[in-house]
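Quick look at coords-v5.tsv (TSV, C-alpha atoms):
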```tsv
chain	number	residue	atom	x	y	z
A	1	MET	CA	-69.72	12.81	7.46
A	2	SER	CA	-72.04	12.87	4.44
A	3	GLN	CA	-75.82	13.19	4.80
A	4	LEU	CA	-76.20	9.76	3.21
A	5	THR	CA	-73.90	8.21	5.82
A	6	GLU	CA	-75.85	9.92	8.61
A	7	VAL	CA	-79.16	8.64	7.24
A	8	GLN	CA	-77.76	5.11	6.86
A	9	GLY	CA	-76.42	5.20	10.40
A	10	LEU	CA	-79.79	6.33	11.73
A	11	SER	CA	-81.55	3.58	9.77
A	12	ASN	CA	-79.21	0.93	11.17
A	13	ALA	CA	-79.72	2.26	14.69
A	14	PHE	CA	-83.47	1.81	14.46
A	15	GLN	CA	-82.97	-1.83	13.41
A	16	HIS	CA	-80.99	-2.47	16.60
A	17	PRO	CA	-82.99	-4.56	19.13
A	18	ALA	CA	-81.42	-2.75	22.09
A	19	VAL	CA	-82.28	0.65	20.61
A	20	LEU	CA	-85.77	-0.55	19.80
A	21	GLY	CA	-86.15	-1.82	23.35
A	22	ALA	CA	-85.15	1.54	24.80
A	23	LEU	CA	-87.47	3.34	22.40
A	24	GLN	CA	-90.29	0.95	23.23
A	25	ARG	CA	-89.93	1.72	26.94
A	26	ARG	CA	-90.29	5.42	26.20
A	27	LEU	CA	-93.26	4.87	23.89
A	28	ASN	CA	-95.03	2.83	26.57
A	29	GLY	CA	-95.43	6.06	28.50
A	30	LEU	CA	-97.34	7.55	25.58
A	31	VAL	CA	-99.92	4.79	25.26
A	32	GLY	CA	-103.46	6.18	25.33
A	33	LYS	CA	-102.31	9.70	24.43
A	34	PRO	CA	-103.29	10.22	20.77
A	35	SER	CA	-102.16	13.34	18.98
A	36	SER	CA	-104.67	16.18	19.18
A	37	TYR	CA	-104.01	16.75	15.48
A	38	ILE	CA	-105.38	13.29	14.64
A	39	ALA	CA	-108.34	13.74	16.96
A	40	ASP	CA	-109.33	16.97	15.27
A	41	LEU	CA	-109.24	15.63	11.70
A	42	PRO	CA	-112.47	15.32	9.69
A	43	GLN	CA	-114.22	11.96	9.84
A	44	ASP	CA	-113.57	11.10	6.19
A	45	VAL	CA	-109.82	11.65	6.71
A	46	LYS	CA	-109.88	9.47	9.85
A	47	ARG	CA	-111.57	6.77	7.77
A	48	ARG	CA	-108.67	6.80	5.29
A	49	ILE	CA	-106.15	6.70	8.13
A	50	ASP	CA	-107.87	3.59	9.49
A	51	ALA	CA	-107.49	2.01	6.06
A	52	LEU	CA	-103.76	2.81	6.16
A	53	ARG	CA	-103.53	1.24	9.61
A	54	ASN	CA	-105.12	-1.93	8.28
A	55	ILE	CA	-102.56	-1.99	5.47
A	56	GLN	CA	-99.82	-1.51	8.05
A	57	ASP	CA	-101.14	-4.45	10.08
A	58	LYS	CA	-100.93	-6.69	7.00
A	59	HIS	CA	-97.40	-5.41	6.37
A	60	SER	CA	-96.44	-6.24	9.97
A	61	GLU	CA	-97.78	-9.78	9.54
A	62	LEU	CA	-95.52	-10.24	6.50
A	63	GLU	CA	-92.60	-8.76	8.42
A	64	SER	CA	-93.18	-11.26	11.20
A	65	LYS	CA	-93.16	-14.16	8.74
A	66	PHE	CA	-90.04	-12.73	7.12
A	67	ARG	CA	-88.21	-12.63	10.46
A	68	GLU	CA	-89.27	-16.19	11.24
A	69	GLU	CA	-87.99	-17.47	7.90
A	70	VAL	CA	-84.70	-15.55	8.19
A	71	LEU	CA	-84.15	-16.95	11.68
A	72	ALA	CA	-84.91	-20.46	10.43
A	73	LEU	CA	-82.42	-19.97	7.58
A	74	GLU	CA	-79.74	-18.73	9.98
A	75	LYS	CA	-80.30	-21.76	12.22
A	76	LYS	CA	-80.09	-24.08	9.22
A	77	TYR	CA	-76.76	-22.73	8.06
A	78	LEU	CA	-75.33	-22.60	11.57
A	79	THR	CA	-75.65	-26.39	11.70
A	80	GLN	CA	-73.71	-26.57	8.42
A	81	HIS	CA	-71.07	-24.11	9.63
A	82	GLN	CA	-70.58	-25.83	12.97
A	83	PRO	CA	-68.37	-28.69	11.69
A	84	LEU	CA	-66.06	-26.05	10.20
A	85	TYR	CA	-65.99	-24.14	13.47
A	86	ASP	CA	-65.26	-27.37	15.38
A	87	LYS	CA	-62.32	-28.19	13.11
A	88	ARG	CA	-61.01	-24.65	13.47
A	89	ALA	CA	-61.20	-24.98	17.27
A	90	LYS	CA	-59.18	-28.20	17.22
A	91	ILE	CA	-56.45	-26.63	15.09
A	92	VAL	CA	-56.30	-23.52	17.28
A	93	ALA	CA	-56.07	-25.62	20.45
A	94	GLY	CA	-53.41	-27.89	18.94
A	95	ASP	CA	-55.61	-30.97	19.08
A	96	LEU	CA	-55.50	-31.41	15.30
A	97	GLU	CA	-52.62	-30.88	12.89
A	98	PRO	CA	-53.81	-29.97	9.37
A	99	THR	CA	-52.46	-32.00	6.46
A	100	ASP	CA	-50.20	-30.48	3.83
A	101	ALA	CA	-53.13	-30.40	1.44
A	102	GLU	CA	-55.30	-28.60	4.01
A	103	SER	CA	-52.52	-26.10	4.71
A	104	HIS	CA	-51.65	-25.33	1.08
A	105	ARG	CA	-52.86	-21.92	0.00
A	106	GLU	CA	-51.85	-19.57	-2.76
A	107	PRO	CA	-50.67	-16.31	-1.19
A	108	ASP	CA	-53.13	-13.45	-1.21
A	109	GLU	CA	-52.15	-10.00	-2.46
A	110	ASP	CA	-52.00	-8.76	1.13
A	111	ASP	CA	-49.93	-11.66	2.48
A	112	GLU	CA	-46.49	-10.15	1.96
A	113	GLU	CA	-45.72	-10.62	5.65
A	114	GLU	CA	-45.98	-14.38	5.25
A	115	GLU	CA	-42.99	-14.34	2.90
A	116	LYS	CA	-40.65	-13.44	5.77
A	117	GLU	CA	-38.66	-16.22	7.38
A	118	SER	CA	-40.17	-17.61	10.54
A	119	LYS	CA	-38.20	-17.20	13.73
A	120	PRO	CA	-36.41	-20.34	14.92
A	121	VAL	CA	-37.93	-21.93	18.01
A	122	ASP	CA	-36.48	-24.25	20.62
A	123	LYS	CA	-39.57	-26.43	20.70
A	124	PRO	CA	-42.68	-26.85	18.53
A	125	THR	CA	-45.55	-24.47	19.21
A	126	LYS	CA	-48.89	-26.02	20.10
A	127	GLY	CA	-51.83	-24.77	18.07
A	128	ILE	CA	-52.13	-21.02	17.52
A	129	PRO	CA	-51.32	-19.14	20.74
A	130	GLU	CA	-53.53	-16.19	21.75
A	131	PHE	CA	-55.74	-16.72	18.71
A	132	TRP	CA	-59.01	-15.50	20.25
A	133	LEU	CA	-57.38	-12.76	22.34
A	134	THR	CA	-55.81	-11.33	19.18
A	135	ALA	CA	-59.05	-11.63	17.20
A	136	LEU	CA	-61.02	-9.80	19.90
A	137	LYS	CA	-58.40	-7.07	20.32
A	138	THR	CA	-58.31	-6.41	16.59
A	139	ASN	CA	-61.94	-5.28	16.70
A	140	SER	CA	-61.92	-1.66	17.84
A	141	ALA	CA	-65.29	-1.83	19.62
A	142	ILE	CA	-64.26	-4.84	21.72
A	143	SER	CA	-60.65	-3.81	22.33
A	144	GLU	CA	-61.87	-0.76	24.27
A	145	PHE	CA	-63.09	-3.10	27.02
A	146	ILE	CA	-60.00	-5.32	27.21
A	147	THR	CA	-57.57	-4.07	29.85
A	148	ASP	CA	-53.93	-5.05	30.26
A	149	ARG	CA	-54.95	-7.14	33.26
A	150	ASP	CA	-57.57	-8.96	31.16
A	151	GLU	CA	-55.09	-10.08	28.54
A	152	GLU	CA	-53.38	-12.67	30.70
A	153	ALA	CA	-56.73	-14.32	31.46
A	154	LEU	CA	-57.92	-14.12	27.85
A	155	LYS	CA	-54.80	-15.94	26.68
A	156	SER	CA	-56.50	-19.08	28.03
A	157	LEU	CA	-59.59	-18.53	25.82
A	158	VAL	CA	-59.59	-21.48	23.39
A	159	ASN	CA	-62.94	-21.15	21.60
A	160	ILE	CA	-66.08	-19.05	21.21
A	161	LYS	CA	-69.36	-20.50	19.96
A	162	TYR	CA	-72.89	-19.24	19.56
A	163	ALA	CA	-76.26	-20.93	19.44
A	164	TYR	CA	-79.83	-19.83	18.85
A	165	LEU	CA	-82.37	-20.29	21.62
A	166	PRO	CA	-85.03	-22.95	21.09
A	167	ASP	CA	-88.00	-20.88	22.25
A	168	ASN	CA	-86.79	-17.31	21.82
A	169	PRO	CA	-85.48	-15.20	18.90
A	170	GLY	CA	-82.35	-14.42	20.94
A	171	PHE	CA	-78.99	-16.19	21.05
A	172	LYS	CA	-76.30	-17.49	23.40
A	173	LEU	CA	-72.53	-16.98	23.32
A	174	GLU	CA	-70.22	-19.59	24.86
A	175	PHE	CA	-66.60	-18.85	25.81
A	176	PHE	CA	-64.37	-21.87	26.53
A	177	PHE	CA	-61.22	-21.57	28.65
A	178	ASP	CA	-58.23	-23.70	29.51
A	179	ALA	CA	-57.16	-23.89	33.14
A	180	ASN	CA	-55.86	-20.48	34.23
A	181	ASP	CA	-54.78	-18.53	37.30
A	182	PHE	CA	-57.87	-16.33	37.45
A	183	PHE	CA	-61.08	-18.38	37.64
A	184	THR	CA	-62.21	-21.98	37.81
A	185	ASN	CA	-64.95	-21.78	35.14
A	186	LYS	CA	-64.26	-23.85	32.03
A	187	LYS	CA	-67.08	-22.11	30.18
A	188	LEU	CA	-68.68	-18.68	30.48
A	189	GLU	CA	-72.00	-17.95	28.78
A	190	LYS	CA	-73.84	-14.80	27.77
A	191	THR	CA	-77.47	-15.15	26.68
A	192	TYR	CA	-79.52	-12.43	24.99
A	193	TYR	CA	-83.30	-12.71	25.22
A	194	LEU	CA	-85.37	-10.86	22.62
A	195	ILE	CA	-89.14	-10.48	22.39
A	196	ASN	CA	-91.55	-9.48	19.66
A	197	SER	CA	-92.55	-5.88	20.02
A	198	PRO	CA	-95.89	-5.49	21.84
A	199	ASP	CA	-96.78	-2.91	19.22
A	200	THR	CA	-97.63	-4.85	16.05
A	201	SER	CA	-96.92	-1.78	13.92
A	202	TYR	CA	-93.31	-1.92	15.14
A	203	GLY	CA	-92.76	-5.05	13.08
A	204	ASP	CA	-89.54	-6.12	14.80
A	205	VAL	CA	-88.05	-7.86	17.82
A	206	VAL	CA	-86.84	-5.81	20.76
A	207	TYR	CA	-84.30	-6.42	23.49
A	208	ASP	CA	-85.71	-7.94	26.67
A	209	HIS	CA	-82.73	-8.76	28.89
A	210	ALA	CA	-79.39	-10.58	29.02
A	211	GLU	CA	-77.95	-13.10	31.46
A	212	GLY	CA	-74.34	-14.07	32.11
A	213	THR	CA	-72.48	-16.81	33.96
A	214	PRO	CA	-71.27	-15.81	37.46
A	215	ILE	CA	-67.47	-16.02	37.46
A	216	ASP	CA	-65.81	-18.11	40.15
A	217	TRP	CA	-62.75	-16.00	40.75
A	218	LYS	CA	-59.74	-17.49	42.48
A	219	GLU	CA	-58.47	-15.81	45.63
A	220	ASP	CA	-57.09	-12.32	44.96
A	221	LYS	CA	-57.56	-12.81	41.19
A	222	ASP	CA	-60.87	-11.00	40.65
A	223	LEU	CA	-60.26	-8.73	37.65
A	224	SER	CA	-63.47	-6.79	38.29
A	225	VAL	CA	-62.01	-5.16	41.39
A	226	THR	CA	-58.78	-3.67	42.66
A	227	ILE	CA	-57.62	-3.65	46.25
A	228	GLU	CA	-56.59	-0.32	47.73
A	229	VAL	CA	-54.40	-0.60	50.82
A	230	LYS	CA	-54.29	2.31	53.25
A	231	THR	CA	-52.48	2.78	56.54
A	232	GLN	CA	-54.42	4.46	59.34
A	233	ARG	CA	-52.98	5.83	62.59
A	234	HIS	CA	-54.99	5.95	65.81
A	235	LYS	CA	-55.13	9.51	67.16
A	236	THR	CA	-54.87	8.47	70.82
A	237	THR	CA	-52.65	5.40	70.88
A	238	ASN	CA	-50.63	6.35	67.81
A	239	LYS	CA	-50.85	2.74	66.66
A	240	THR	CA	-51.22	2.02	62.94
A	241	ARG	CA	-53.36	-0.48	61.08
A	242	THR	CA	-53.68	-1.55	57.48
A	243	VAL	CA	-57.10	-1.25	55.83
A	244	LYS	CA	-57.97	-2.93	52.54
A	245	LYS	CA	-60.75	-1.49	50.40
A	246	THR	CA	-62.28	-3.17	47.36
A	247	VAL	CA	-62.83	-0.80	44.43
A	248	PRO	CA	-64.65	-1.72	41.17
A	249	ALA	CA	-62.31	-1.96	38.18
A	250	PRO	CA	-63.04	-1.94	34.44
A	251	THR	CA	-62.68	-5.35	32.82
A	252	PHE	CA	-63.85	-7.23	29.75
A	253	PHE	CA	-65.30	-9.85	32.09
A	254	SER	CA	-68.02	-7.40	33.16
A	255	PHE	CA	-69.55	-8.54	29.88
A	256	PHE	CA	-70.82	-11.56	31.81
A	257	LYS	CA	-72.62	-9.35	34.32
A	258	PRO	CA	-74.86	-7.35	31.99
A	259	PRO	CA	-76.91	-4.30	32.98
A	260	MET	CA	-80.54	-5.12	33.71
A	261	PRO	CA	-83.47	-3.17	32.25
A	262	PRO	CA	-85.52	-1.28	34.86
A	263	THR	CA	-88.62	-2.81	36.38
A	264	GLU	CA	-91.83	-1.04	37.34
A	265	ASP	CA	-90.72	-1.04	40.98
A	266	ASP	CA	-87.39	0.66	40.30
A	267	GLU	CA	-87.40	4.19	41.70
A	268	ASP	CA	-83.85	5.21	40.79
A	269	VAL	CA	-83.03	4.46	37.16
A	270	ASP	CA	-79.53	4.95	35.76
A	271	GLU	CA	-79.70	7.79	33.25
A	272	ASP	CA	-77.10	6.01	31.09
A	273	LEU	CA	-78.88	2.65	31.26
A	274	ASP	CA	-80.23	2.71	27.72
A	275	SER	CA	-76.79	3.45	26.25
A	276	LYS	CA	-75.21	0.73	28.41
A	277	LEU	CA	-77.81	-1.80	27.23
A	278	GLU	CA	-77.24	-0.76	23.63
A	279	VAL	CA	-73.45	-1.15	23.90
A	280	ASP	CA	-73.79	-4.49	25.66
A	281	TYR	CA	-76.03	-5.87	22.92
A	282	GLU	CA	-73.83	-4.41	20.18
A	283	ILE	CA	-70.76	-6.23	21.58
A	284	GLY	CA	-72.73	-9.48	21.64
A	285	GLU	CA	-73.81	-9.04	18.03
A	286	ILE	CA	-70.26	-8.21	16.92
A	287	ILE	CA	-68.97	-11.41	18.48
A	288	LYS	CA	-71.81	-13.46	16.98
A	289	ASP	CA	-71.94	-11.93	13.48
A	290	LYS	CA	-68.32	-10.89	12.91
A	291	ILE	CA	-65.76	-12.44	15.24
A	292	ILE	CA	-66.96	-16.05	15.28
A	293	PRO	CA	-67.68	-16.45	11.53
A	294	HIS	CA	-64.48	-14.66	10.45
A	295	ALA	CA	-62.13	-15.31	13.37
A	296	VAL	CA	-59.00	-15.94	11.27
A	297	ASP	CA	-59.51	-12.65	9.42
A	298	TRP	CA	-59.67	-10.80	12.73
A	299	PHE	CA	-56.59	-12.69	13.93
A	300	THR	CA	-54.60	-11.69	10.85
A	301	GLY	CA	-56.13	-8.20	10.64
A	302	LYS	CA	-57.59	-8.76	7.19
A	303	ALA	CA	-61.10	-8.06	8.52
A	304	LEU	CA	-60.13	-4.43	9.10
A	305	GLN	CA	-60.20	-3.91	5.33
A	306	TYR	CA	-63.96	-4.32	5.39
A	307	GLU	CA	-64.67	-2.23	8.47
A	308	ASP	CA	-65.99	1.33	8.26
A	309	ASP	CA	-63.73	3.64	10.22
A	310	GLY	CA	-65.65	6.66	11.45
A	311	ASP	CA	-62.39	8.51	12.13
A	312	TYR	CA	-61.79	8.99	8.41
A	313	ASP	CA	-65.09	10.33	7.10
A	314	GLU	CA	-63.54	13.10	5.04
A	315	PHE	CA	-60.01	13.47	3.73
A	316	ASP	CA	-58.17	16.49	5.09
A	317	GLU	CA	-54.72	16.74	3.57
A	318	ASP	CA	-53.61	19.08	6.40
A	319	GLU	CA	-53.94	16.15	8.87
A	320	PHE	CA	-51.41	14.01	7.01
A	321	ASP	CA	-47.67	14.50	6.97
A	322	GLY	CA	-45.27	13.21	4.38
A	323	GLU	CA	-47.64	13.35	1.40
A	324	GLY	CA	-46.05	16.50	0.05
A	325	ASP	CA	-42.38	16.11	0.94
A	326	ASP	CA	-41.41	17.46	-2.47
A	327	ASP	CA	-42.90	20.80	-1.48
A	328	ASP	CA	-40.06	21.27	1.01
A	329	ASP	CA	-37.61	21.38	-1.86
A	330	ASP	CA	-39.71	24.01	-3.55
A	331	ASP	CA	-39.66	26.06	-0.34
A	332	GLU	CA	-35.89	25.98	-0.26
A	333	GLU	CA	-35.80	27.26	-3.84
A	334	GLY	CA	-38.06	30.17	-2.97
A	335	GLY	CA	-41.36	28.68	-4.09
A	336	ALA	CA	-43.68	29.08	-1.09
A	337	GLY	CA	-41.09	29.82	1.52
A	338	ASN	CA	-40.02	32.95	3.38
A	339	GLY	CA	-42.88	32.48	5.88
A	340	GLU	CA	-45.55	33.23	3.30
A	341	LYS	CA	-48.71	31.14	3.45
A	342	PRO	CA	-49.19	29.10	0.26
A	343	ALA	CA	-52.34	29.58	-1.73
A	344	GLU	CA	-55.16	27.20	-0.88
A	345	CYS	CA	-55.84	24.42	-3.31
A	346	LYS	CA	-59.33	24.69	-4.72
A	347	GLN	CA	-61.10	21.36	-5.12
A	348	GLN	CA	-62.68	20.73	-8.47
```
What is this file in structure tokens?
Amino acid sequence: MSQLTEVQGLSNAFQHPAVLGALQRRLNGLVGKPSSYIADLPQDVKRRIDALRNIQDKHSELESKFREEVLALEKKYLTQHQPLYDKRAKIVAGDLEPTDAESHREPDEDDEEEEKESKPVDKPTKGIPEFWLTALKTNSAISEFITDRDEEALKSLVNIKYAYLPDNPGFKLEFFFDANDFFTNKKLEKTYYLINSPDTSYGDVVYDHAEGTPIDWKEDKDLSVTIEVKTQRHKTTNKTRTVKKTVPAPTFFSFFKPPMPPTEDDEDVDEDLDSKLEVDYEIGEIIKDKIIPHAVDWFTGKALQYEDDGDYDEFDEDEFDGEGDDDDDDDEEGGAGNGEKPAECKQQ
């Protein structure tokens, strides 16, 4: 990974509300503990530092206004986007059939798959099956949390929406479901609450907490647990009994039961809590900023063209097979064969 990429990644991390929230909690423990270096500076230098602090305060005021205007702009355009999202939802659910004019589209350069003949079907297909499940699974960050057991439940997901909160800089995600075999909820919500940093020099909003809808699981359909069945034998009577034990299981639906930040009264704090909060917020932002606005591109896979893949930071030709098949012929003719190691290629 290049130094520029590392610096950009670090910069993006420190713009992340969840990261800022974790950092803020650590900094709170340093309040009232000025650096001894600053305390020992000459008075004229301290005077100049105070002037810089005043400049920083003015900068923070502008940053605050900037955030307010950006949020207002995002809210404005969400209202204009919403009719498009609503129409998309109707087409996906099969409640609206697009006209020929609405369906006409010149093929893109990457649409060669669409040229293939469609498979014959016995009966018409309603809407676009598994649209949202496919879109979510295409995103690598989200797909890690979707288990095989989750997929059957997520097939009933018919729409995802988001909304900004009226009195908070956070946002809410809404997941709409058809009737299914797993839970009775028609809608599951996840709400992220953000707050302005208590430190005005921070100049940003920080993560406060998140809330999710409790899921009303149907009997024996709770995807967040598995049931382990064990047979026990009584030592004296030799009789046996069956014991069922509930064990937590990984599931995408844990997204609706987010980790909670520690309170002042918490004695035992999860060491991985900050990373869990960061991941939870990141998934919410991906759904809000990527999946919902560009759902069809995630469904078709086109969105992957614009994603940075950290697995391919640097090209290493030794990791790829088939690029130099012609070399095999050279080996057979005595070029680099006979077990001798070929000379390394020097990059220009």
> What does the distance between CA of Lys239 in chain A and CA of Glu219 in chain A come to in Å, to one decimal place?
Replying inline: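 We find that CA of Lys239 in chain A and CA of Glu219 in chain A lie 29.1 Å from each other.
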>> So that I can check the surroundings of Ala93 in chain A, please list as a count of residues only every protein, DNA and RNA residue that reaches within 8 Å of it, counting only C-alpha atoms and ignoring chain neighbours fewer than 4 positions away.
In response: 5
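Minimum atom-to-atom distance to Leu277 in chain A, evaluated using all atoms listed in the file, belongs to A:Tyr207 out of A:Pro129, A:Lys218, A:Tyr207, A:Asp108.
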> Which residue out of A:Phe175, A:Asn238, A:Asn180, A:Thr231 has the minimum interatomic distance to Ile287 in chain A when all atoms listed in the file are used?
Replying inline: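 When distances to Ile287 in chain A are compared using all atoms listed in the file, the smallest one comes from A:Phe175.
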> If you measure from CA of Lys245 in chain A to CA of Glu271 in chain A, what distance in Å do you get, rounded to one decimal?
Replying inline: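 These atoms are spaced 27.2 Å apart.
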>> Measuring between all atoms listed in the file, which one of A:Ile146, A:Ala153, A:Ile160, A:Leu273 shows the shortest distance to Ser254 in chain A?
In response: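 Closest candidate: A:Ile146.
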>> For a test of reading the model, state the distance in Å between CA of Pro259 in chain A and CA of Ser143 in chain A, rounded to one decimal.
In response: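 Spanning CA of Pro259 in chain A to CA of Ser143 in chain A is a straight-line distance of 19.4 Å.
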>> So that I can see what lies close to range 137-139 of chain A, please list as a ChimeraX atom specification the residues with an atom at most 10 Å from it, counting only C-alpha atoms and leaving out residues fewer than 2 positions away in the same chain.
In response: /A:132-135,141-146,151,286-287,290-291,297-304,307
With C-alpha atoms kept, could you save the residues just selected as a short mmCIF file (atom, residue, chain, number, x, y, z; two decimals), in the frame of the given file?
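In the end it all went to selection38.cif:
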```
data_model
loop_
_atom_site.label_atom_id
_atom_site.label_comp_id
_atom_site.auth_asym_id
_atom_site.auth_seq_id
_atom_site.Cartn_x
_atom_site.Cartn_y
_atom_site.Cartn_z
CA TRP A 132 -59.01 -15.50 20.25
CA LEU A 133 -57.38 -12.76 22.34
CA THR A 134 -55.81 -11.33 19.18
CA ALA A 135 -59.05 -11.63 17.20
CA ALA A 141 -65.29 -1.83 19.62
CA ILE A 142 -64.26 -4.84 21.72
CA SER A 143 -60.65 -3.81 22.33
CA GLU A 144 -61.87 -0.76 24.27
CA PHE A 145 -63.09 -3.10 27.02
CA ILE A 146 -60.00 -5.32 27.21
CA GLU A 151 -55.09 -10.08 28.54
CA ILE A 286 -70.26 -8.21 16.92
CA ILE A 287 -68.97 -11.41 18.48
CA LYS A 290 -68.32 -10.89 12.91
CA ILE A 291 -65.76 -12.44 15.24
CA ASP A 297 -59.51 -12.65 9.42
CA TRP A 298 -59.67 -10.80 12.73
CA PHE A 299 -56.59 -12.69 13.93
CA THR A 300 -54.60 -11.69 10.85
CA GLY A 301 -56.13 -8.20 10.64
CA LYS A 302 -57.59 -8.76 7.19
CA ALA A 303 -61.10 -8.06 8.52
CA LEU A 304 -60.13 -4.43 9.10
CA GLU A 307 -64.67 -2.23 8.47
#
```
> Between A:Asp270, A:Asp150, A:Asp289, A:Glu68, which one has atoms that come closest to Asp222 in chain A, using all atoms listed in the file?
Replying inline: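 Of A:Asp270, A:Asp150, A:Asp289, A:Glu68, the one nearest Asp222 in chain A is A:Asp150, counting all atoms listed in the file.
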>> I need the residue nearest Asp167 in chain A from this list: A:Val269, A:Val225, A:Leu52, A:Leu194. Use all atoms listed in the file for the distance.
In response: A:Leu194
